[in-house]
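Okay, structure first, notes after.
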Amino acid sequence: MEAKKNFGGLDLFRVVAACLVVAIHTSPLETISPEGDFFVTRIVARVAVPFFFMVTGQFVLSDYFRKDGKNTASLWRYLRKAALLYGIAVLLYLPLGIYAGHYKEMTFGTVLRMLLVDGTFYHLWYFPGLILGILLLMALRRFCSVKMTGVIVSLLYLLGLLGDSYWGLASQIPGVSAAYQWCFQVLFGYTRNGLFFAPLFLWMGAVAYREDDRTKMAPSYQKITGDMAGLVISLFSMTIEGFLLRYLEWQRHDSMYLALPLCAFFLYQILLKVTWEIPPLYRTAATWMYLLHPGVIVVVRGLPFGKEILKNSLLFYGIVLLISGGGAWLAAFFIQRFFGHGYKRKKRKSRQGDLFPKARAWIEVDKAALRQNVKALSSLLPENCQLMPAVKADAYGHGAVLVAKELNRMGMDAFCVACVAEGVSLRKHGVQGEILVLGYTHPKEFPLLHRYCLTQTVVDYDYALLLNQYGKRVCVHVGIDTGMRRLGERSDHEERLMEICHLKNLNIRGAFTHLCADDTNEPKDVEFTQKQVNEFYRIVKKWEEEGFSCPKVHLMASYGVLNYPHLAGDYARVGIALYGLHSAREDYDGSGIRLTPVLSLKARVASVRELGSGEAAGYGLAFVAKRPMRIAALTIGYGDGLPRALSCGGGSVLIRGKRARILGRICMDQTLVDVTEIPEAAAGDIAVLIGISGDEEITAYELAEAGGTITNEIVSRLGQRLWRVGVGGR
Ligand SMILES: *Cc1c(COP(=O)(O)O)cnc(C)c1O
């Protein structure tokens, strides 16, 4: 598994933001400098709550925004959790609220308003704000695009501003003033709520970070400097704005500024790039600090020497911070202990029972062999022709992510896959470079091409029109059918091909054809291949005459490179040869290079037992012992992709460097072999099904021949249940 993206910067700032919120409610500099205190608590600290909303937006809403799947379930779960926490907080603060006289002369309407909008204690507006904000965004996103939703929440924010820091402006306009005042009396106490304030920041968080940005997120100090400059400038603007509004006495409340979304944006961008490891404990603690500190404030004020403390606002802040921080840490600690989502617990657990990749049946991918094949194949190619490895079908069973990442490390930056899902998976695991989808993509999946920067093959003329109709510009390579009659527009349909290159929404990055008779040296095949090549270049030339010069062209696959390397092009789409195999042993290869098989297939001996003369074994009792024998059961079967055609002596395996014949019918998860001649064979031994053991080797050819197929099928059918492990190499 890949390491998950680390959001340490966000985790760290949660704690900082909680301290800032405590500052807002304690005014640490009040007794020292009122202006200074205004600057710290009414301006700087105002980024704290927007930050919390943005984090929630990112982790809770971003999937829903992209409609990546059925994510409403997790959204509702989150909302339930938030409501529960709010419920606990309401109960927790009930006595304090009563004591402070908050709940006098309540009507049903005011109770409702307090619970659903304003919060039952001054800091608790946050929870109804969060819930209402999320619900609003869910509703908006259902009917509008992400951008439109952004426009609407921005407008709401502007309306909110007029009821908050810019109240002085709104109150001068008679009708507007009356409308706001009615709202303040009936609907909500402040516009800093789930309708006007939270949605914008939740939206900003939801669009702040894309999973597939991860590869581009490598530390880019230039970018950080830009964000830093942005933060400094926007904070400066907000300072001027804040003091100006204060001077004008326009502020009814001081939570919302014009420059605040900008500050929050730049701050967030910086934090996204910080990757320190912060234990999750602090994340939980930050929430509890937010919850607890108003209670602590009341308690500290009420202490016998509370009045003395209040005389020094900084001391007061320090004490409140210390007590609520300590309390929050304890709360987080106990939650971690007893509800078990903790860091340490998980870690300890995993140490006790890690899955072991080589426990049952697995594939070893020899990186050194892969490197050798890359070198050997590259040596055949002209200088400006690059390898574009085919990593479709899980890299011919080798493990697409494992192989593509290794190839990335070797400097390769173009790949081809069979379908969108394969491309998405590579991107999600951080594979870089161009990824060409060779096959058909359903229009419903067009957005994925765009989102994951995948290049689509134009499979024919009608498909080109379909792609062109999709609203966004899509990167494509045009397939040209020069004789295989599978995919690509027929090369004899010149007009259509000319039309394709003029379609507005196709970003044509390349064109290719596929040779289908390049694996022999028989004259008729050589002639056919030459015809294919001529047809291909004829079209490329025609395009050029029309004023379209195709950026990249390619036509060779493995056998093209081995037998026709002079055909060149910009890419060579090598598959099977890269994995060190020919499709069949007897295939013609005029290259003279040596290919090294990359894949080994291994399993374990599960159990060894005696079989008496005349006794039968396995399904259908298909094997009958003619003499006393020892047989072993192996932990691999046709469910792992082992061809069932190897049953009943059709194949063998290697144990301790010796051959053991397969007995009876191969089962789904097990296979029986004859170890009579290998007396030292024991449970736990490694059995090699493809690969080397001692001086013996079993090749993929052997399996292919026994199964009446080609090596391509043997390796690409190896199952998902097998672990893929990289071995050898640097
Ligand atoms: C699979 C495939 C390749 C790679 O073929 P190999 O013979 O394995 O090298 C190249 N191009 C296309 C279009 C393919 O489908």
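To be explicit about the labels: the chains of the structure tokens are called A, B, and onward in the order shown, and within each one the residues are counted from 1, while ligands get numbers from 1 in the order they are shown.
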Using only C-alpha atoms, which protein or nucleic acid residues come within 7 Å of range 391-393 of chain A? Drop anything in the same chain fewer than 2 positions from it, and give the result as a ChimeraX atom specification.
/A:389,395-397,400,415-418,716
* Env. residues ligand 1 / 10 Å / only C-alpha atoms and all ligand atoms / as a ChimeraX atom specification -> /A:388-393,395-396,416-418,436-439,457,479,486-488,512-516,518-519,554-562,572-579,581-583,712
Just-selected residues, C-alpha atoms written as an mmCIF file, in the first residue's frame:
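Result file selection.cif:
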```cif
data_model
loop_
_atom_site.group_PDB
_atom_site.id
_atom_site.type_symbol
_atom_site.label_atom_id
_atom_site.label_comp_id
_atom_site.auth_asym_id
_atom_site.auth_seq_id
_atom_site.Cartn_x
_atom_site.Cartn_y
_atom_site.Cartn_z
ATOM 1 C CA MET A 388 5.593 3.596 -23.674
ATOM 2 C CA PRO A 389 5.137 0.501 -21.523
ATOM 3 C CA ALA A 390 1.799 -1.295 -21.744
ATOM 4 C CA VAL A 391 0.705 -1.800 -18.144
ATOM 5 C CA LYS A 392 -2.811 -2.947 -18.984
ATOM 6 C CA ALA A 393 -4.358 -5.982 -17.290
ATOM 7 C CA ALA A 395 0.768 -4.959 -16.097
ATOM 8 C CA TYR A 396 0.210 -8.386 -17.620
ATOM 9 C CA CYS A 416 -0.743 2.665 -21.949
ATOM 10 C CA VAL A 417 -3.637 0.953 -20.212
ATOM 11 C CA ALA A 418 -6.743 -0.792 -21.464
ATOM 12 C CA LEU A 436 -3.061 6.512 -22.795
ATOM 13 C CA VAL A 437 -6.304 4.548 -22.562
ATOM 14 C CA LEU A 438 -6.139 2.163 -25.514
ATOM 15 C CA GLY A 439 -9.736 0.966 -25.358
ATOM 16 C CA THR A 457 -7.962 6.685 -27.889
ATOM 17 C CA GLY A 479 -6.455 5.323 -33.570
ATOM 18 C CA ARG A 486 -10.248 -3.846 -34.494
ATOM 19 C CA LEU A 487 -10.103 -0.245 -33.278
ATOM 20 C CA GLY A 488 -9.256 3.034 -34.955
ATOM 21 C CA PHE A 512 -1.222 5.393 -33.684
ATOM 22 C CA THR A 513 -1.898 2.153 -35.417
ATOM 23 C CA HIS A 514 -1.397 -1.438 -34.320
ATOM 24 C CA LEU A 515 0.559 -4.006 -36.315
ATOM 25 C CA CYS A 516 -1.009 -7.445 -36.254
ATOM 26 C CA ASP A 518 4.729 -8.535 -37.107
ATOM 27 C CA ASP A 519 5.686 -11.703 -35.205
ATOM 28 C CA HIS A 554 3.496 5.400 -32.788
ATOM 29 C CA LEU A 555 2.947 2.000 -34.323
ATOM 30 C CA MET A 556 5.262 -0.564 -32.751
ATOM 31 C CA ALA A 557 4.349 -2.962 -29.974
ATOM 32 C CA SER A 558 6.767 -5.600 -28.682
ATOM 33 C CA TYR A 559 7.223 -7.465 -31.944
ATOM 34 C CA GLY A 560 7.501 -4.207 -33.823
ATOM 35 C CA VAL A 561 10.501 -3.301 -31.686
ATOM 36 C CA LEU A 562 12.035 -6.759 -32.013
ATOM 37 C CA ALA A 572 7.053 2.051 -28.781
ATOM 38 C CA ARG A 573 4.143 0.508 -26.870
ATOM 39 C CA VAL A 574 5.987 -2.482 -25.458
ATOM 40 C CA GLY A 575 4.145 -5.027 -23.382
ATOM 41 C CA ILE A 576 5.049 -8.669 -23.342
ATOM 42 C CA ALA A 577 8.732 -8.156 -24.261
ATOM 43 C CA LEU A 578 9.186 -5.706 -21.414
ATOM 44 C CA TYR A 579 8.171 -8.502 -19.061
ATOM 45 C CA LEU A 581 8.706 -12.951 -22.607
ATOM 46 C CA HIS A 582 7.724 -13.739 -26.139
ATOM 47 C CA SER A 583 4.121 -14.703 -26.664
ATOM 48 C CA ASN A 712 0.339 -13.229 -22.405
#
```
>> So, with only C-alpha atoms as the atoms that count, which of A:Phe65, A:Phe59, A:Trp203, A:Trp182 lies closest to Tyr78 in chain A?
In response: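 Counting only C-alpha atoms, the residue closest to Tyr78 in chain A is A:Phe59.
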Quick check for you: according to DSSP on this backbone, which residues of range 283-447 of chain A are classed as strand (DSSP E or B)? Reply as JSON, numbers by chain.
{"A": [361, 362, 363, 364, 365, 366, 386, 387, 390, 414, 415, 416, 417, 434, 435, 436, 437]}
Those same residues - C-alpha atoms - I'd like them written as an mmCIF file, in the first residue's frame.
```cif
data_model
loop_
_atom_site.group_PDB
_atom_site.id
_atom_site.type_symbol
_atom_site.label_atom_id
_atom_site.label_comp_id
_atom_site.auth_asym_id
_atom_site.auth_seq_id
_atom_site.Cartn_x
_atom_site.Cartn_y
_atom_site.Cartn_z
ATOM 1 C CA ALA A 361 0.765 -17.582 -2.935
ATOM 2 C CA TRP A 362 2.490 -14.627 -4.491
ATOM 3 C CA ILE A 363 4.222 -13.083 -7.469
ATOM 4 C CA GLU A 364 7.763 -11.808 -7.317
ATOM 5 C CA VAL A 365 8.573 -9.006 -9.732
ATOM 6 C CA ASP A 366 12.281 -8.905 -10.457
ATOM 7 C CA GLN A 386 10.716 6.282 -26.269
ATOM 8 C CA LEU A 387 9.247 3.237 -24.614
ATOM 9 C CA ALA A 390 1.799 -1.295 -21.744
ATOM 10 C CA ALA A 414 4.343 7.422 -20.782
ATOM 11 C CA PHE A 415 2.148 4.375 -20.288
ATOM 12 C CA CYS A 416 -0.743 2.665 -21.949
ATOM 13 C CA VAL A 417 -3.637 0.953 -20.212
ATOM 14 C CA GLU A 434 1.096 10.467 -19.908
ATOM 15 C CA ILE A 435 -1.392 7.617 -19.579
ATOM 16 C CA LEU A 436 -3.061 6.512 -22.795
ATOM 17 C CA VAL A 437 -6.304 4.548 -22.562
#
```
For Gly433 in chain A, please output as a list in words all residues within 10 Å (counting only C-alpha atoms; exclusion window: fewer than 4 positions along the same chain).
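Final neighbour list, sorted by chain and number: Asn408, Gly411, Met412, Asp413, Ala414, Phe415, Arg427, Cys453 and Leu454 of chain A.
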re CA of Arg585 in chain A and CA of Leu703 in chain A: distance 11.4 Å
With only C-alpha atoms counted and 7 Å as the cut-off, give the residues of range 561-609 of chain A in contact with range 630-641 of chain A, each with its shortest interatomic distance in Å and the pair that gives it, as a Markdown table.
```
| residue | atom | partner | partner_atom | distance |
| --- | --- | --- | --- | --- |
| A:Ala603 | CA | A:Thr635 | CA | 5.7 |
| A:Arg604 | CA | A:Thr635 | CA | 5.5 |
| A:Val605 | CA | A:Leu634 | CA | 4.6 |
| A:Ala606 | CA | A:Leu634 | CA | 5.5 |
| A:Ser607 | CA | A:Ala633 | CA | 5.4 |
| A:Val608 | CA | A:Ala632 | CA | 4.3 |
| A:Arg609 | CA | A:Ile631 | CA | 5.5 |
```
Deliver the residues from the most recent selection as a file, using all heavy atoms, as an mmCIF file, in the first residue's frame.
```
data_model
loop_
_atom_site.group_PDB
_atom_site.id
_atom_site.type_symbol
_atom_site.label_atom_id
_atom_site.label_comp_id
_atom_site.auth_asym_id
_atom_site.auth_seq_id
_atom_site.Cartn_x
_atom_site.Cartn_y
_atom_site.Cartn_z
ATOM 1 N N ALA A 603 4.217 -20.455 -4.250
ATOM 2 C CA ALA A 603 3.194 -20.785 -3.256
ATOM 3 C C ALA A 603 3.861 -21.610 -2.158
ATOM 4 O O ALA A 603 5.074 -21.830 -2.195
ATOM 5 C CB ALA A 603 2.059 -21.551 -3.908
ATOM 6 N N ARG A 604 3.097 -22.049 -1.198
ATOM 7 C CA ARG A 604 3.644 -22.836 -0.076
ATOM 8 C C ARG A 604 3.167 -24.284 -0.129
ATOM 9 O O ARG A 604 2.088 -24.575 -0.636
ATOM 10 C CB ARG A 604 3.146 -22.247 1.251
ATOM 11 C CG ARG A 604 3.627 -20.856 1.537
ATOM 12 C CD ARG A 604 4.982 -20.863 2.191
ATOM 13 N NE ARG A 604 5.518 -19.506 2.244
ATOM 14 C CZ ARG A 604 6.754 -19.213 2.599
ATOM 15 N NH1 ARG A 604 7.598 -20.179 2.930
ATOM 16 N NH2 ARG A 604 7.176 -17.979 2.620
ATOM 17 N N VAL A 605 3.960 -25.127 0.459
ATOM 18 C CA VAL A 605 3.493 -26.492 0.729
ATOM 19 C C VAL A 605 2.668 -26.406 2.004
ATOM 20 O O VAL A 605 3.146 -25.935 3.037
ATOM 21 C CB VAL A 605 4.685 -27.449 0.942
ATOM 22 C CG1 VAL A 605 4.192 -28.817 1.409
ATOM 23 C CG2 VAL A 605 5.498 -27.569 -0.338
ATOM 24 N N ALA A 606 1.393 -26.804 1.907
ATOM 25 C CA ALA A 606 0.516 -26.703 3.082
ATOM 26 C C ALA A 606 0.600 -27.961 3.930
ATOM 27 O O ALA A 606 0.577 -27.903 5.149
ATOM 28 C CB ALA A 606 -0.922 -26.482 2.633
ATOM 29 N N SER A 607 0.706 -29.102 3.253
ATOM 30 C CA SER A 607 0.649 -30.354 3.996
ATOM 31 C C SER A 607 1.239 -31.477 3.144
ATOM 32 O O SER A 607 1.022 -31.526 1.939
ATOM 33 C CB SER A 607 -0.821 -30.651 4.333
ATOM 34 O OG SER A 607 -0.913 -31.923 4.928
ATOM 35 N N VAL A 608 2.000 -32.377 3.789
ATOM 36 C CA VAL A 608 2.573 -33.526 3.075
ATOM 37 C C VAL A 608 1.979 -34.789 3.680
ATOM 38 O O VAL A 608 1.844 -34.889 4.898
ATOM 39 C CB VAL A 608 4.115 -33.544 3.231
ATOM 40 C CG1 VAL A 608 4.707 -34.748 2.517
ATOM 41 C CG2 VAL A 608 4.715 -32.254 2.702
ATOM 42 N N ARG A 609 1.585 -35.766 2.850
ATOM 43 C CA ARG A 609 1.030 -37.006 3.399
ATOM 44 C C ARG A 609 1.363 -38.218 2.524
ATOM 45 O O ARG A 609 1.738 -38.060 1.364
ATOM 46 C CB ARG A 609 -0.471 -36.884 3.612
ATOM 47 C CG ARG A 609 -1.275 -36.704 2.348
ATOM 48 C CD ARG A 609 -2.659 -36.208 2.677
ATOM 49 N NE ARG A 609 -2.557 -34.937 3.385
ATOM 50 C CZ ARG A 609 -3.505 -34.443 4.180
ATOM 51 N NH1 ARG A 609 -4.628 -35.114 4.359
ATOM 52 N NH2 ARG A 609 -3.337 -33.298 4.781
#
```
Residues of range 156-259 of chain A in helix (DSSP H, G or I), written as a ChimeraX atom specification
/A:156-162,167-170,174-186,198-208,211-217,221-248
Mind checking which residues fall within 7 Å of Leu314 in chain A, counting only C-alpha atoms, ignoring those fewer than 4 positions away in the same chain, and posting them as a short mmCIF file (atom, residue, chain, number, x, y, z; two decimals) with N, CA and C atoms, in the first residue's frame?
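Result saved to selection33.cif:
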```
data_model
loop_
_atom_site.label_atom_id
_atom_site.label_comp_id
_atom_site.auth_asym_id
_atom_site.auth_seq_id
_atom_site.Cartn_x
_atom_site.Cartn_y
_atom_site.Cartn_z
N PRO A 28 -6.68 38.45 25.38
CA PRO A 28 -5.44 38.40 26.18
C PRO A 28 -4.71 39.75 26.29
N LEU A 29 -4.85 40.63 25.33
CA LEU A 29 -4.06 41.87 25.38
C LEU A 29 -4.87 43.07 25.90
N GLY A 318 -3.65 32.82 29.67
CA GLY A 318 -2.74 31.70 29.91
C GLY A 318 -3.38 30.63 30.75
#
```
Test item: residues at most 6 Å from range 590-595 of chain A, only C-alpha atoms, excluding those fewer than 4 positions along its chain, as a compact mmCIF listing (two decimals) with N, CA and C atoms, in the first residue's frame:
```txt
# COMPACT_ATOMS: atom_id res chain seq x y z
N ASN A 373 15.51 -5.49 -19.32
CA ASN A 373 14.67 -5.52 -20.52
C ASN A 373 14.48 -4.12 -21.09
N LEU A 562 11.10 -5.65 -31.80
CA LEU A 562 12.03 -6.76 -32.01
C LEU A 562 12.33 -6.97 -33.50
N ASN A 563 11.31 -6.81 -34.34
CA ASN A 563 11.49 -7.17 -35.76
C ASN A 563 11.55 -5.99 -36.73
N GLY A 580 9.89 -9.62 -20.34
CA GLY A 580 10.91 -10.64 -20.56
C GLY A 580 10.41 -11.88 -21.27
```
For Gly326 in chain A, the closest of A:Gly483, A:Thr441, A:Ser491, A:Met289 counting only C-alpha atoms is A:Met289
note - CA of Asp481 in chain A and CA of Gln432 in chain A are separated by 28.7 Å
Using only C-alpha atoms, which of A:Gly719, A:Gly242, A:Gly57, A:Pro597 sits nearest Ala208 in chain A?
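Among the listed residues, A:Gly57 lies closest to Ala208 in chain A.
For Ala706 in chain A, the set of protein, DNA and RNA residues having any atom at most 8 Å away, when counting only C-alpha atoms and skipping those fewer than 2 positions along the same chain, is Ala645, Leu646, Gly650, Gly651, Glu702, Leu703, Ala704, Gly708 and Thr709 of chain A.
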*Give me the residues within 12 Å of range 442-450 of chain A as a PyMOL selection string, counting only C-alpha atoms and dropping any in the same chain fewer than 6 places off.*
chain A and resi 66-68+212+419-425+427-428+434-436+456-457+459+463-476+506-507
Check your understanding: Between A:Val151, A:Ile335, A:Val727, A:Val16, which is the closest to Ala368 in chain A once you count only C-alpha atoms?
Key ->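 Selected residue with least distance to Ala368 in chain A: A:Val727.
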Using only C-alpha atoms, the residue out of A:Val401, A:Leu137, A:Met204, A:Val55 with shortest distance to Leu12 in chain A is A:Val55
